[in-house]
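Student: query34.tsv is reproduced in full below (TSV, C-alpha atoms).
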chain	number	residue	atom	x	y	z
I	287	MET	CA	-24.04	-8.10	-7.08
I	288	ASN	CA	-26.09	-4.97	-6.68
I	289	GLU	CA	-28.24	-5.75	-3.68
I	290	ASN	CA	-27.76	-3.96	-0.39
I	291	THR	CA	-25.10	-1.68	-1.82
I	292	GLN	CA	-24.38	1.99	-1.34
I	293	THR	CA	-22.31	4.44	-3.34
I	294	SER	CA	-20.34	7.34	-1.98
I	295	ASN	CA	-23.40	9.50	-1.50
I	296	GLY	CA	-25.08	6.77	0.55
I	297	SER	CA	-26.23	6.78	4.15
I	298	THR	CA	-24.66	5.37	7.30
I	299	LEU	CA	-23.03	2.00	7.71
I	300	GLY	CA	-26.06	0.59	9.47
I	301	SER	CA	-28.56	1.78	6.88
I	302	GLN	CA	-30.21	-0.26	4.16
I	303	GLY	CA	-28.56	0.14	0.76
I	304	THR	CA	-29.95	1.13	-2.59
I	305	ASN	CA	-31.35	-1.40	-5.05
I	306	GLN	CA	-29.13	-0.42	-7.95
I	307	LEU	CA	-25.45	0.30	-8.34
I	308	ILE	CA	-24.89	3.89	-9.42
I	309	SER	CA	-21.52	4.50	-11.03
I	310	GLN	CA	-19.80	7.79	-10.35
I	311	SER	CA	-16.92	9.52	-12.07
I	312	GLY	CA	-14.56	11.24	-9.75
I	313	GLY	CA	-11.05	12.22	-8.83
I	314	ALA	CA	-8.09	11.19	-10.93
I	315	ASN	CA	-9.86	8.27	-12.57
I	316	GLN	CA	-10.54	9.15	-16.22
I	317	VAL	CA	-11.74	5.74	-17.39
I	318	ARG	CA	-15.25	6.17	-18.73
I	319	VAL	CA	-18.33	4.17	-17.84
I	320	ARG	CA	-19.02	1.72	-20.63
I	321	ALA	CA	-22.26	1.74	-22.64
I	322	TYR	CA	-24.68	-1.10	-21.97
I	323	ASN	CA	-23.84	-3.24	-25.03
I	324	GLU	CA	-20.12	-2.88	-24.29
I	325	ARG	CA	-20.79	-3.96	-20.70
I	326	LEU	CA	-22.78	-6.95	-21.95
I	327	VAL	CA	-19.94	-8.03	-24.22
I	328	LEU	CA	-17.37	-7.65	-21.44
I	329	SER	CA	-19.60	-9.59	-19.06
I	330	LEU	CA	-20.07	-12.47	-21.48
I	331	VAL	CA	-16.34	-12.69	-22.12
I	332	ARG	CA	-15.70	-12.64	-18.36
I	333	LEU	CA	-18.24	-15.40	-17.80
I	334	HIS	CA	-16.89	-17.71	-20.50
I	335	GLY	CA	-13.19	-16.87	-20.30
I	336	SER	CA	-12.85	-16.21	-24.03
I	337	LEU	CA	-15.27	-15.82	-26.94
I	338	SER	CA	-15.10	-15.17	-30.65
I	339	LYS	CA	-17.10	-12.44	-32.39
I	340	ALA	CA	-19.55	-15.02	-33.72
I	341	GLU	CA	-20.09	-16.46	-30.25
I	342	ILE	CA	-20.59	-12.98	-28.80
I	343	ALA	CA	-23.23	-12.23	-31.44
I	344	ARG	CA	-25.06	-15.48	-30.72
I	345	LEU	CA	-25.02	-15.15	-26.93
I	346	SER	CA	-25.79	-11.43	-26.77
I	347	GLY	CA	-28.47	-11.24	-29.47
I	348	LEU	CA	-26.50	-8.44	-31.16
I	349	SER	CA	-26.02	-8.48	-34.91
I	350	ALA	CA	-22.70	-9.81	-36.15
I	351	GLN	CA	-21.77	-6.35	-37.41
I	352	THR	CA	-22.63	-4.64	-34.10
I	353	ALA	CA	-20.74	-7.26	-32.10
I	354	SER	CA	-17.73	-6.84	-34.36
I	355	VAL	CA	-17.74	-3.03	-34.00
I	356	ILE	CA	-18.02	-3.25	-30.22
I	357	MET	CA	-15.25	-5.79	-29.89
I	358	ARG	CA	-12.92	-3.78	-32.10
I	359	ALA	CA	-13.56	-0.72	-29.94
I	360	LEU	CA	-12.94	-2.69	-26.74
I	361	GLU	CA	-9.74	-4.12	-28.17
I	362	LYS	CA	-8.59	-0.63	-29.18
I	363	ASP	CA	-9.23	0.54	-25.60
I	364	ASP	CA	-7.13	-2.40	-24.28
I	365	MET	CA	-10.16	-3.92	-22.56
I	366	LEU	CA	-9.93	-7.11	-24.62
I	367	LEU	CA	-6.96	-9.16	-25.79
I	368	ARG	CA	-6.72	-11.45	-28.79
I	369	GLY	CA	-6.13	-15.13	-28.21
I	370	GLU	CA	-4.57	-17.64	-30.57
I	371	PRO	CA	-6.64	-18.23	-33.74
I	372	VAL	CA	-8.74	-21.40	-33.73
I	373	ARG	CA	-8.88	-23.04	-37.14
I	374	GLY	CA	-11.98	-24.96	-38.17
I	375	ARG	CA	-12.60	-27.16	-41.16
I	376	VAL	CA	-13.71	-24.33	-43.44
I	377	GLY	CA	-13.48	-20.55	-43.61
I	378	GLN	CA	-11.35	-18.11	-41.72
I	379	PRO	CA	-10.04	-19.09	-38.26
I	380	SER	CA	-12.00	-17.67	-35.33
I	381	ILE	CA	-10.12	-15.46	-32.92
I	382	PRO	CA	-11.15	-15.78	-29.28
I	383	MET	CA	-11.08	-12.58	-27.25
I	384	GLN	CA	-10.46	-12.43	-23.51
I	385	LEU	CA	-10.42	-9.77	-20.82
I	386	ASN	CA	-7.20	-7.86	-20.37
I	387	PRO	CA	-6.36	-8.37	-16.67
I	388	ASP	CA	-4.54	-5.03	-16.63
I	389	ALA	CA	-7.40	-3.04	-18.17
I	390	VAL	CA	-8.99	-2.15	-14.84
I	391	TYR	CA	-8.00	-2.31	-11.18
I	392	SER	CA	-10.08	-1.89	-8.07
I	393	PHE	CA	-9.45	-1.66	-4.35
I	394	GLY	CA	-11.37	-3.84	-1.91
I	395	VAL	CA	-11.53	-3.45	1.86
I	396	LYS	CA	-12.75	-6.02	4.35
I	397	ILE	CA	-13.48	-4.73	7.84
I	398	GLY	CA	-13.89	-7.42	10.45
I	399	ARG	CA	-14.25	-7.46	14.20
I	400	ARG	CA	-10.65	-8.57	14.71
I	401	SER	CA	-8.86	-7.66	11.47
I	402	ALA	CA	-8.99	-5.68	8.24
I	403	ASP	CA	-7.75	-6.39	4.73
I	404	LEU	CA	-7.02	-4.13	1.79
I	405	VAL	CA	-6.52	-5.65	-1.66
I	406	LEU	CA	-5.84	-4.43	-5.17
I	407	MET	CA	-7.75	-6.62	-7.63
I	408	ASP	CA	-7.39	-6.78	-11.40
I	409	PHE	CA	-10.10	-7.07	-14.05
I	410	ILE	CA	-10.40	-10.85	-13.83
I	411	GLY	CA	-10.59	-11.05	-10.04
I	412	ARG	CA	-6.99	-11.78	-9.15
I	413	ILE	CA	-5.48	-10.11	-6.10
I	414	ARG	CA	-2.32	-8.26	-7.13
I	415	LEU	CA	-1.39	-6.55	-3.84
I	416	GLN	CA	-2.71	-6.82	-0.29
I	417	LEU	CA	-2.31	-5.55	3.25
I	418	HIS	CA	-3.57	-7.07	6.52
I	419	GLU	CA	-3.94	-5.64	10.00
I	420	THR	CA	-5.21	-7.09	13.27
I	421	PHE	CA	-6.69	-5.25	16.26
I	422	PRO	CA	-8.53	-6.03	19.50
I	423	TYR	CA	-11.69	-4.42	18.12
I	424	PRO	CA	-12.45	-2.06	15.21
I	425	GLU	CA	-12.17	1.68	15.91
I	426	PRO	CA	-13.14	4.27	13.26
I	427	GLY	CA	-9.89	6.22	13.53
I	428	ARG	CA	-7.74	3.13	13.17
I	429	ILE	CA	-9.84	1.84	10.27
I	430	MET	CA	-9.59	5.18	8.49
I	431	ASP	CA	-5.81	5.25	8.92
I	432	PHE	CA	-5.53	1.70	7.62
I	433	ILE	CA	-7.57	2.52	4.50
I	434	VAL	CA	-6.03	5.88	3.66
I	435	ASP	CA	-2.42	4.96	4.49
I	436	GLY	CA	-2.86	1.54	2.91
I	437	LEU	CA	-4.13	3.02	-0.34
I	438	ALA	CA	-1.11	5.33	-0.47
I	439	ASN	CA	1.15	2.33	0.16
I	440	LEU	CA	-0.37	0.25	-2.64
I	441	GLU	CA	-0.61	3.19	-5.05
I	442	GLY	CA	3.08	3.78	-4.52
I	443	GLN	CA	3.75	0.35	-6.00
I	444	LEU	CA	1.85	1.16	-9.21
I	445	THR	CA	2.83	3.07	-12.33
I	446	ALA	CA	0.99	6.24	-13.34
I	447	ASP	CA	-0.80	4.29	-16.08
I	448	GLN	CA	-1.94	1.63	-13.62
I	449	ARG	CA	-3.23	4.26	-11.20
I	450	SER	CA	-5.26	5.83	-14.01
I	451	ARG	CA	-7.06	2.50	-14.46
I	452	ILE	CA	-8.41	2.26	-10.90
I	453	ALA	CA	-12.21	2.08	-10.96
I	454	GLY	CA	-12.84	2.78	-7.28
I	455	ILE	CA	-12.89	1.20	-3.86
I	456	GLY	CA	-15.48	-1.18	-2.43
I	457	ILE	CA	-15.81	-1.67	1.33
I	458	ALA	CA	-17.20	-4.88	2.80
I	459	ALA	CA	-18.15	-4.42	6.45
I	460	PRO	CA	-20.65	-5.83	8.96
I	461	PHE	CA	-23.66	-3.61	9.39
I	462	GLU	CA	-24.18	-2.32	12.95
I	463	LEU	CA	-20.58	-2.84	13.99
I	464	TRP	CA	-21.43	-1.59	17.48
I	465	ASN	CA	-23.32	-4.79	18.18
I	466	TRP	CA	-21.44	-7.65	19.83
I	467	ALA	CA	-19.01	-5.26	21.55
I	468	ARG	CA	-18.97	-7.49	24.61
I	469	GLU	CA	-18.08	-10.53	22.51
I	470	VAL	CA	-15.06	-8.80	20.98
I	471	GLY	CA	-13.88	-7.62	24.39
I	472	ALA	CA	-14.29	-3.90	23.69
I	473	PRO	CA	-14.63	-1.56	26.69
I	474	ASP	CA	-18.16	-0.46	27.53
I	475	GLY	CA	-19.33	2.13	25.01
I	476	ALA	CA	-16.11	2.03	22.98
I	477	MET	CA	-17.88	0.94	19.80
I	478	ASP	CA	-20.94	3.18	20.13
I	479	ILE	CA	-19.22	5.73	17.90
I	480	TRP	CA	-20.05	3.49	14.94
I	481	LYS	CA	-23.73	4.40	15.39
I	482	THR	CA	-23.08	7.88	14.01
I	483	PHE	CA	-19.85	7.40	12.05
I	484	ASN	CA	-20.52	7.38	8.31
I	485	LEU	CA	-17.59	5.30	7.10
I	486	GLN	CA	-18.46	5.62	3.44
I	487	GLN	CA	-18.66	9.39	3.45
I	488	GLU	CA	-15.52	9.73	5.56
I	489	VAL	CA	-13.53	7.56	3.16
I	490	ALA	CA	-14.96	9.36	0.12
I	491	ALA	CA	-13.85	12.69	1.58
I	492	ARG	CA	-10.22	11.55	1.83
I	493	ILE	CA	-9.58	9.58	-1.36
I	494	PRO	CA	-9.96	10.45	-5.08
I	495	TYR	CA	-12.05	7.41	-6.07
I	496	PRO	CA	-15.74	6.45	-6.05
I	497	VAL	CA	-16.56	4.58	-2.83
I	498	PHE	CA	-19.02	1.70	-2.56
I	499	LEU	CA	-20.25	-0.07	0.57
I	500	GLN	CA	-21.81	-3.49	1.06
I	501	ASN	CA	-22.44	-5.89	3.92
I	502	ASP	CA	-19.43	-8.19	4.37
I	503	ALA	CA	-21.27	-11.50	4.09
I	504	THR	CA	-23.22	-10.27	1.06
I	505	SER	CA	-19.91	-9.25	-0.52
I	506	ALA	CA	-18.48	-12.71	0.07
I	507	CYS	CA	-21.61	-14.28	-1.42
I	508	GLY	CA	-21.30	-11.99	-4.43
I	509	ALA	CA	-17.68	-12.96	-4.92
I	510	GLU	CA	-18.66	-16.64	-4.91
I	511	LEU	CA	-21.44	-15.92	-7.41
I	512	VAL	CA	-19.14	-14.05	-9.79
I	513	PHE	CA	-15.76	-15.74	-9.35
I	514	GLY	CA	-16.67	-19.07	-7.76
I	515	ARG	CA	-19.46	-21.59	-8.19
I	516	GLY	CA	-22.05	-19.19	-9.61
I	517	SER	CA	-21.70	-20.65	-13.10
I	518	SER	CA	-22.50	-24.13	-11.76
I	519	TYR	CA	-25.31	-23.36	-9.31
I	520	PRO	CA	-28.02	-20.81	-10.20
I	521	ASP	CA	-29.58	-21.11	-6.72
I	522	PHE	CA	-27.60	-21.58	-3.53
I	523	ILE	CA	-27.43	-20.70	0.12
I	524	TYR	CA	-24.05	-19.41	1.14
I	525	PHE	CA	-22.34	-19.63	4.53
I	526	PHE	CA	-19.24	-17.60	5.35
I	527	VAL	CA	-17.69	-18.47	8.70
I	528	GLY	CA	-15.94	-15.35	9.95
I	529	SER	CA	-15.71	-13.82	13.41
I	530	PHE	CA	-19.45	-14.49	13.34
I	531	ILE	CA	-21.06	-16.64	10.68
I	532	GLY	CA	-22.96	-14.80	7.95
I	533	GLY	CA	-24.21	-15.66	4.54
I	534	GLY	CA	-26.37	-14.92	1.57
I	535	ILE	CA	-28.97	-16.31	-0.80
I	536	VAL	CA	-28.66	-16.55	-4.58
I	537	LEU	CA	-31.80	-17.15	-6.64
I	538	ASN	CA	-31.81	-17.31	-10.43
I	539	SER	CA	-28.15	-16.33	-10.44
I	540	ALA	CA	-28.74	-13.07	-8.56
I	541	ILE	CA	-28.27	-12.17	-4.91
I	542	PHE	CA	-31.58	-11.94	-3.04
I	543	SER	CA	-31.40	-9.66	-0.02
I	544	GLY	CA	-35.10	-9.41	0.82
I	545	ARG	CA	-37.33	-6.58	2.01
I	546	THR	CA	-34.94	-5.28	4.68
I	547	GLY	CA	-31.65	-6.36	3.13
I	548	THR	CA	-31.01	-9.09	5.70
I	549	ALA	CA	-32.16	-12.20	3.81
I	550	GLY	CA	-29.59	-14.96	4.10
I	551	ALA	CA	-28.00	-13.62	7.28
I	552	VAL	CA	-28.07	-17.28	8.55
I	553	GLY	CA	-26.45	-16.44	11.90
I	554	PRO	CA	-29.73	-16.25	13.85
I	555	LEU	CA	-30.97	-19.62	12.56
I	556	PRO	CA	-32.07	-21.76	15.53
I	557	VAL	CA	-30.22	-25.07	15.91
I	558	ARG	CA	-29.73	-27.61	18.69
I	559	GLY	CA	-26.50	-27.50	20.62
I	560	ARG	CA	-24.44	-30.34	22.02
I	561	HIS	CA	-26.85	-30.98	24.89
I	562	GLY	CA	-30.06	-30.51	22.90
I	563	GLU	CA	-30.56	-26.87	23.91
I	564	MET	CA	-31.77	-24.40	21.27
I	565	ARG	CA	-29.16	-21.84	20.24
I	566	GLN	CA	-28.46	-19.54	17.35
I	567	LEU	CA	-26.12	-20.85	14.67
I	568	LEU	CA	-23.67	-17.99	15.26
I	569	GLU	CA	-23.24	-19.11	18.89
I	570	ILE	CA	-21.76	-22.40	17.66
I	571	THR	CA	-20.31	-21.89	14.17
I	572	SER	CA	-18.22	-18.74	14.47
I	573	ILE	CA	-14.49	-18.21	14.79
I	574	PHE	CA	-15.15	-16.27	18.00
I	575	VAL	CA	-16.41	-19.52	19.50
I	576	LEU	CA	-13.18	-21.26	18.55
I	577	GLU	CA	-11.22	-18.37	20.05
I	578	ARG	CA	-13.09	-18.76	23.33
I	579	MET	CA	-12.55	-22.52	23.36
I	580	LEU	CA	-8.81	-22.03	22.87
I	581	LYS	CA	-8.59	-19.43	25.64
I	582	ASP	CA	-10.44	-21.76	28.02
I	583	ARG	CA	-7.76	-24.37	27.34
I	584	GLY	CA	-4.86	-21.95	27.78
I	585	ILE	CA	-4.00	-21.91	24.07
I	586	ASP	CA	-3.00	-18.66	22.33
I	587	PRO	CA	-5.73	-17.90	19.73
I	588	GLN	CA	-3.84	-15.10	17.93
I	589	PRO	CA	-3.12	-17.15	14.76
I	590	LEU	CA	-6.88	-17.13	14.12
I	591	TRP	CA	-6.75	-13.44	13.25
I	592	HIS	CA	-3.63	-13.50	11.11
I	593	SER	CA	-3.79	-14.44	7.44
I	594	ALA	CA	-5.26	-17.84	6.69
I	595	ASP	CA	-1.80	-19.10	5.72
I	596	GLU	CA	-0.66	-18.61	9.32
I	597	TRP	CA	-3.32	-20.83	10.92
I	598	ILE	CA	-2.04	-23.84	12.79
I	599	ASP	CA	-3.74	-27.11	13.63
I	600	PHE	CA	-5.08	-26.61	17.15
I	601	GLY	CA	-5.55	-30.35	17.60
I	602	GLU	CA	-8.44	-31.61	19.73
I	603	THR	CA	-9.88	-28.13	20.25
I	604	LEU	CA	-10.16	-27.54	16.51
I	605	ASP	CA	-11.55	-31.05	16.04
I	606	LEU	CA	-14.29	-30.37	18.59
I	607	TRP	CA	-15.14	-27.00	17.05
I	608	ILE	CA	-15.41	-28.53	13.58
I	609	GLU	CA	-17.59	-31.36	14.93
I	610	GLU	CA	-20.01	-29.03	16.72
I	611	SER	CA	-20.00	-26.50	13.87
I	612	ALA	CA	-20.74	-29.19	11.31
I	613	ARG	CA	-23.62	-30.55	13.39
I	614	ALA	CA	-25.14	-27.06	13.59
I	615	MET	CA	-24.47	-26.28	9.92
I	616	ALA	CA	-26.17	-29.48	8.82
I	617	GLN	CA	-29.32	-28.49	10.73
I	618	ALA	CA	-29.26	-25.03	9.19
I	619	ILE	CA	-28.88	-26.43	5.68
I	620	VAL	CA	-31.78	-28.87	6.13
I	621	ALA	CA	-33.96	-26.07	7.49
I	622	ALA	CA	-33.10	-23.84	4.53
I	623	ALA	CA	-33.65	-26.66	2.01
I	624	SER	CA	-37.10	-27.32	3.44
I	625	ILE	CA	-38.10	-23.77	2.43
I	626	ILE	CA	-36.27	-23.38	-0.90
I	627	ASP	CA	-34.91	-26.23	-2.99
I	628	PHE	CA	-31.43	-24.80	-3.33
I	629	SER	CA	-29.14	-26.59	-5.74
I	630	ALA	CA	-26.20	-26.12	-3.37
I	631	ALA	CA	-25.15	-25.08	0.11
I	632	ILE	CA	-21.74	-23.45	-0.24
I	633	ILE	CA	-19.44	-23.15	2.77
I	634	ASP	CA	-16.44	-20.85	2.99
I	635	GLY	CA	-14.76	-18.84	5.69
I	636	GLY	CA	-11.87	-16.85	7.01
I	637	PHE	CA	-9.69	-19.90	7.43
I	638	PRO	CA	-7.32	-21.99	5.28
I	639	GLY	CA	-8.56	-24.46	2.72
I	640	TRP	CA	-7.71	-27.48	4.82
I	641	VAL	CA	-10.06	-26.29	7.58
I	642	ARG	CA	-12.82	-25.60	5.05
I	643	GLU	CA	-12.39	-29.07	3.57
I	644	ARG	CA	-12.70	-30.73	6.99
I	645	LEU	CA	-15.73	-28.62	7.92
I	646	VAL	CA	-17.56	-29.41	4.68
I	647	ARG	CA	-16.79	-33.11	4.91
I	648	ALA	CA	-18.04	-33.21	8.52
I	649	THR	CA	-21.18	-31.25	7.59
I	650	ILE	CA	-22.05	-33.77	4.86
I	651	ILE	CA	-21.70	-36.61	7.38
I	652	GLU	CA	-23.86	-34.82	9.96
I	653	ALA	CA	-26.55	-34.01	7.39
I	654	GLU	CA	-26.90	-37.68	6.52
I	655	LYS	CA	-27.81	-38.40	10.16
I	656	LEU	CA	-30.84	-36.07	10.10
I	657	ASP	CA	-34.43	-36.85	9.16
I	658	LEU	CA	-34.48	-35.89	5.49
I	659	GLN	CA	-37.95	-37.12	4.64
I	660	GLY	CA	-39.56	-34.62	2.28
I	661	VAL	CA	-36.36	-32.60	1.92
I	662	VAL	CA	-34.52	-32.33	-1.40
I	663	MET	CA	-30.99	-31.91	-0.16
I	664	PRO	CA	-28.66	-29.54	-1.97
I	665	ASP	CA	-25.06	-30.36	-2.79
I	666	ILE	CA	-22.91	-29.36	0.19
I	667	VAL	CA	-19.72	-28.00	-1.33
I	668	GLU	CA	-16.71	-25.84	-0.56
I	669	GLY	CA	-16.57	-22.25	-1.72
I	670	LEU	CA	-13.96	-21.57	-4.37
I	671	VAL	CA	-13.03	-17.96	-3.54
I	672	GLY	CA	-11.56	-18.53	-0.09
I	673	ASP	CA	-10.73	-16.42	2.91
I	674	GLN	CA	-10.46	-13.18	0.90
I	675	ALA	CA	-14.01	-13.50	-0.44
I	676	ARG	CA	-15.23	-10.43	1.45
I	677	ALA	CA	-12.46	-8.16	0.14
I	678	ILE	CA	-12.82	-9.55	-3.38
I	679	GLY	CA	-16.56	-8.99	-3.24
I	680	GLY	CA	-15.95	-5.41	-2.15
I	681	ALA	CA	-13.44	-4.83	-4.94
I	682	SER	CA	-15.98	-6.17	-7.45
I	683	LEU	CA	-18.46	-3.38	-6.71
I	684	PRO	CA	-16.73	-0.55	-8.63
I	685	ILE	CA	-15.92	-2.88	-11.54
I	686	PHE	CA	-19.51	-4.03	-11.92
I	687	ALA	CA	-20.77	-0.49	-11.59
I	688	ARG	CA	-18.62	0.73	-14.48
I	689	TYR	CA	-17.94	-2.19	-16.77
I	690	LEU	CA	-20.17	-5.22	-16.29
I	691	THR	CA	-23.85	-6.10	-16.24
I	692	ASP	CA	-25.95	-7.79	-13.61
I	693	GLN	CA	-25.05	-11.48	-13.36
I	694	SER	CA	-28.68	-12.61	-13.77
I	695	VAL	CA	-28.87	-11.06	-17.26
I	696	LEU	CA	-26.06	-13.27	-18.45
I	697	PHE	CA	-27.48	-16.56	-17.24
I	698	LYS	CA	-30.91	-15.84	-18.70
I	699	ASP	CA	-29.21	-15.51	-22.07
I	700	VAL	CA	-26.86	-18.48	-22.00
I	701	VAL	CA	-28.41	-21.22	-19.90
Spit out the file's structure as structure tokens when you get a sec.

Tutor:
Amino acid sequence: MNENTQTSNGSTLGSQGTNQLISQSGGANQVRVRAYNERLVLSLVRLHGSLSKAEIARLSGLSAQTASVIMRALEKDDMLLRGEPVRGRVGQPSIPMQLNPDAVYSFGVKIGRRSADLVLMDFIGRIRLQLHETFPYPEPGRIMDFIVDGLANLEGQLTADQRSRIAGIGIAAPFELWNWAREVGAPDGAMDIWKTFNLQQEVAARIPYPVFLQNDATSACGAELVFGRGSSYPDFIYFFVGSFIGGGIVLNSAIFSGRTGTAGAVGPLPVRGRHGEMRQLLEITSIFVLERMLKDRGIDPQPLWHSADEWIDFGETLDLWIEESARAMAQAIVAAASIIDFSAAIIDGGFPGWVRERLVRATIIEAEKLDLQGVVMPDIVEGLVGDQARAIGGASLPIFARYLTDQSVLFKDVV
């Protein structure tokens, strides 16, 4: 979760992030940063759902006494909750402990090229509150108003105790937002302001919480790793179909972002189009492409940019987009699998589950038509997090920085 991430003293939106999450105390938030062994215990409980003290000691390598002391302290701080005792054949019943969903909250922001989302997430990854806004193209002033006013709106729905448990805000946004201005229909030069606008610093100056920033596709990949299929697949390539398709790479249960932070971008992958011409994957498998197809047919594309629940079935146009997208995705997956033997190719996107299901099913069919000699094909599966993966990934950043350990540490211990 910590690759390609910046904290509130970071550089501009288009800059490469730091290699380690740095937690920061600030503002009204008085919840302390947990010590490493406490973070390890919390992380193991999060990974497994619930664990007894004996199981914590075995999985963490801590002594039984140390594990017991830590878990008592975490329970006293309301970080852990007791489950129902489990009686065995002999001895005292074991008491499983689980995360208290209300122990910590975090805000997550997704900034897209057509819409923005703000969510309040609890300690176990559930969205409690959310706001959504659409726009023709993203402007810094409008984005700032959405974040600041939206935070005030959501905070107003919380008690004082709940507000004191907010760990921070994580922003998931495309790097170099000024690119593709023509594709979003922005006036000439209207998005150039993003080249010098430091979103992270501007937000940090106006809110009382630590601010974290991460690439949107990397955030979605991180959300899938932590809250989705990460426990089943230690290595996977991830595709998130948004306005433009993006993605990520997970190796040994940790996000790999590469030398420049752009590993797993997937959009520029060369694939063959409908007529055999070479094109980039993003020119075929992106929601912008579907928007253009609908406009060409005189169909209103606005539902594409509303919440996923408001999508409609666009009939033959959607069928054609899924068919062409699946053909391109299959080629991209085979190309990736010929370099790294991923255990899975995970597909998700900013659309409803029924669209994702059709796209995955079509991609599996298209992959079977390709020359697979010498290629160990990964499982092609649906993502489990869904259309809010980018916002959830953003909201995860403050929580991991303060309370949890790197995902790869956990899997090395338990697998």

Student: Taking all atoms of region 428-436 of chain I that the file lists, what box with edges along x, y and z, padded by 8 Å per side, do you get, with centre and edge lengths in Å to one decimal, as JSON?

Tutor:
{"center_x": -6.1, "center_y": 3.7, "center_z": 8.0, "size_x": 23.4, "size_y": 20.3, "size_z": 26.3}

Student: Which of these residues is nearest to Ser539 (chain I), using only C-alpha atoms: I:Leu348, I:Val646, I:Leu404, I:Cys507?

Tutor: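 Counting only C-alpha atoms, the residue closest to Ser539 (chain I) is I:Cys507.
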
Student: For region 450-464 of chain I, find every residue with an atom within 9 Å (counting only C-alpha atoms), except residues of its own chain fewer than 5 positions away, and show them as a ChimeraX atom specification.

Tutor: /I:293,299-301,311-312,314-317,388-399,424,445,475-481,486,494-506,676-685,687-688

Student: Nearest residue to Tyr423 (chain I) out of I:Gln351, I:Gly533, I:Leu444, I:Trp591, using all atoms listed in the file?

Tutor: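 Under the stated criterion, the closest residue is I:Trp591.
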
Student: Please list as a PyMOL selection string every residue within 10 Å of region 634-641 of chain I, counting all atoms listed in the file and excluding residues in the same chain fewer than 6 positions away.

Tutor: chain I and resi 503+506-507+510+524-533+572-573+590-599+604-605+608+647+667-676

Student: To one decimal place in Å, what is the distance between CA of Arg492 (chain I) and CA of Ile429 (chain I)?

Tutor: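 Distance between the two atoms: 12.9 Å.
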
Student: In Å, with one decimal, what is the gap from CA of Gly660 (chain I) to CA of Ser624 (chain I)?

Tutor: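 CA of Ser624 (chain I) lies at a distance of 7.8 Å from CA of Gly660 (chain I).
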
Student: Between I:Ala438, I:Ile523, I:Ala622, I:Val557, which one has atoms that come closest to Val662 (chain I), using all atoms listed in the file?

Tutor: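 For Val662 (chain I), the nearest of the candidates is I:Ala622.
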
Student: Would you work out the distance separating CA of Arg332 (chain I) from CA of Glu643 (chain I), expressed in Å to one decimal?

Tutor: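 Result for CA of Arg332 (chain I) versus CA of Glu643 (chain I): 27.6 Å, one decimal.
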
Student: Between I:Val575, I:Leu645, I:Leu360, I:Leu567, which is the closest to Glu469 (chain I) once you count all atoms listed in the file?

Tutor: I:Val575

Student: Go through I:Ala549, I:Leu580, I:Ala467, I:Leu366 and flag the residue nearest Glu425 (chain I), using all atoms listed in the file for the distances.

Tutor: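 Of all the options, I:Ala467 lies closest to Glu425 (chain I).
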
Student: Just add N, CA and C atoms to region 357-367 of chain I and send it as a PDB file, keeping the file's coordinate frame.

Tutor:
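The resulting out.pdb:
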ATOM      1  N   MET I 357     -16.452  -5.088 -30.312  1.00  0.00           N
ATOM      2  CA  MET I 357     -15.250  -5.790 -29.890  1.00  0.00           C
ATOM      3  C   MET I 357     -13.993  -5.116 -30.420  1.00  0.00           C
ATOM      4  N   ARG I 358     -14.076  -4.528 -31.608  1.00  0.00           N
ATOM      5  CA  ARG I 358     -12.920  -3.780 -32.100  1.00  0.00           C
ATOM      6  C   ARG I 358     -12.644  -2.565 -31.226  1.00  0.00           C
ATOM      7  N   ALA I 359     -13.735  -1.886 -30.805  1.00  0.00           N
ATOM      8  CA  ALA I 359     -13.560  -0.720 -29.940  1.00  0.00           C
ATOM      9  C   ALA I 359     -12.977  -1.112 -28.593  1.00  0.00           C
ATOM     10  N   LEU I 360     -13.440  -2.229 -28.031  1.00  0.00           N
ATOM     11  CA  LEU I 360     -12.940  -2.690 -26.740  1.00  0.00           C
ATOM     12  C   LEU I 360     -11.484  -3.133 -26.846  1.00  0.00           C
ATOM     13  N   GLU I 361     -11.136  -3.734 -27.977  1.00  0.00           N
ATOM     14  CA  GLU I 361      -9.740  -4.120 -28.170  1.00  0.00           C
ATOM     15  C   GLU I 361      -8.864  -2.881 -28.309  1.00  0.00           C
ATOM     16  N   LYS I 362      -9.342  -1.863 -29.024  1.00  0.00           N
ATOM     17  CA  LYS I 362      -8.590  -0.630 -29.180  1.00  0.00           C
ATOM     18  C   LYS I 362      -8.353   0.054 -27.839  1.00  0.00           C
ATOM     19  N   ASP I 363      -9.342  -0.057 -26.938  1.00  0.00           N
ATOM     20  CA  ASP I 363      -9.230   0.540 -25.600  1.00  0.00           C
ATOM     21  C   ASP I 363      -8.473  -0.347 -24.621  1.00  0.00           C
ATOM     22  N   ASP I 364      -7.904  -1.464 -25.108  1.00  0.00           N
ATOM     23  CA  ASP I 364      -7.130  -2.400 -24.280  1.00  0.00           C
ATOM     24  C   ASP I 364      -7.984  -3.134 -23.254  1.00  0.00           C
ATOM     25  N   MET I 365      -9.302  -3.168 -23.458  1.00  0.00           N
ATOM     26  CA  MET I 365     -10.160  -3.920 -22.560  1.00  0.00           C
ATOM     27  C   MET I 365     -10.137  -5.411 -22.894  1.00  0.00           C
ATOM     28  N   LEU I 366      -9.958  -5.726 -24.163  1.00  0.00           N
ATOM     29  CA  LEU I 366      -9.930  -7.110 -24.620  1.00  0.00           C
ATOM     30  C   LEU I 366      -8.594  -7.420 -25.275  1.00  0.00           C
ATOM     31  N   LEU I 367      -8.176  -8.679 -25.160  1.00  0.00           N
ATOM     32  CA  LEU I 367      -6.960  -9.160 -25.790  1.00  0.00           C
ATOM     33  C   LEU I 367      -7.284 -10.295 -26.745  1.00  0.00           C
TER      34      LEU I 367
END
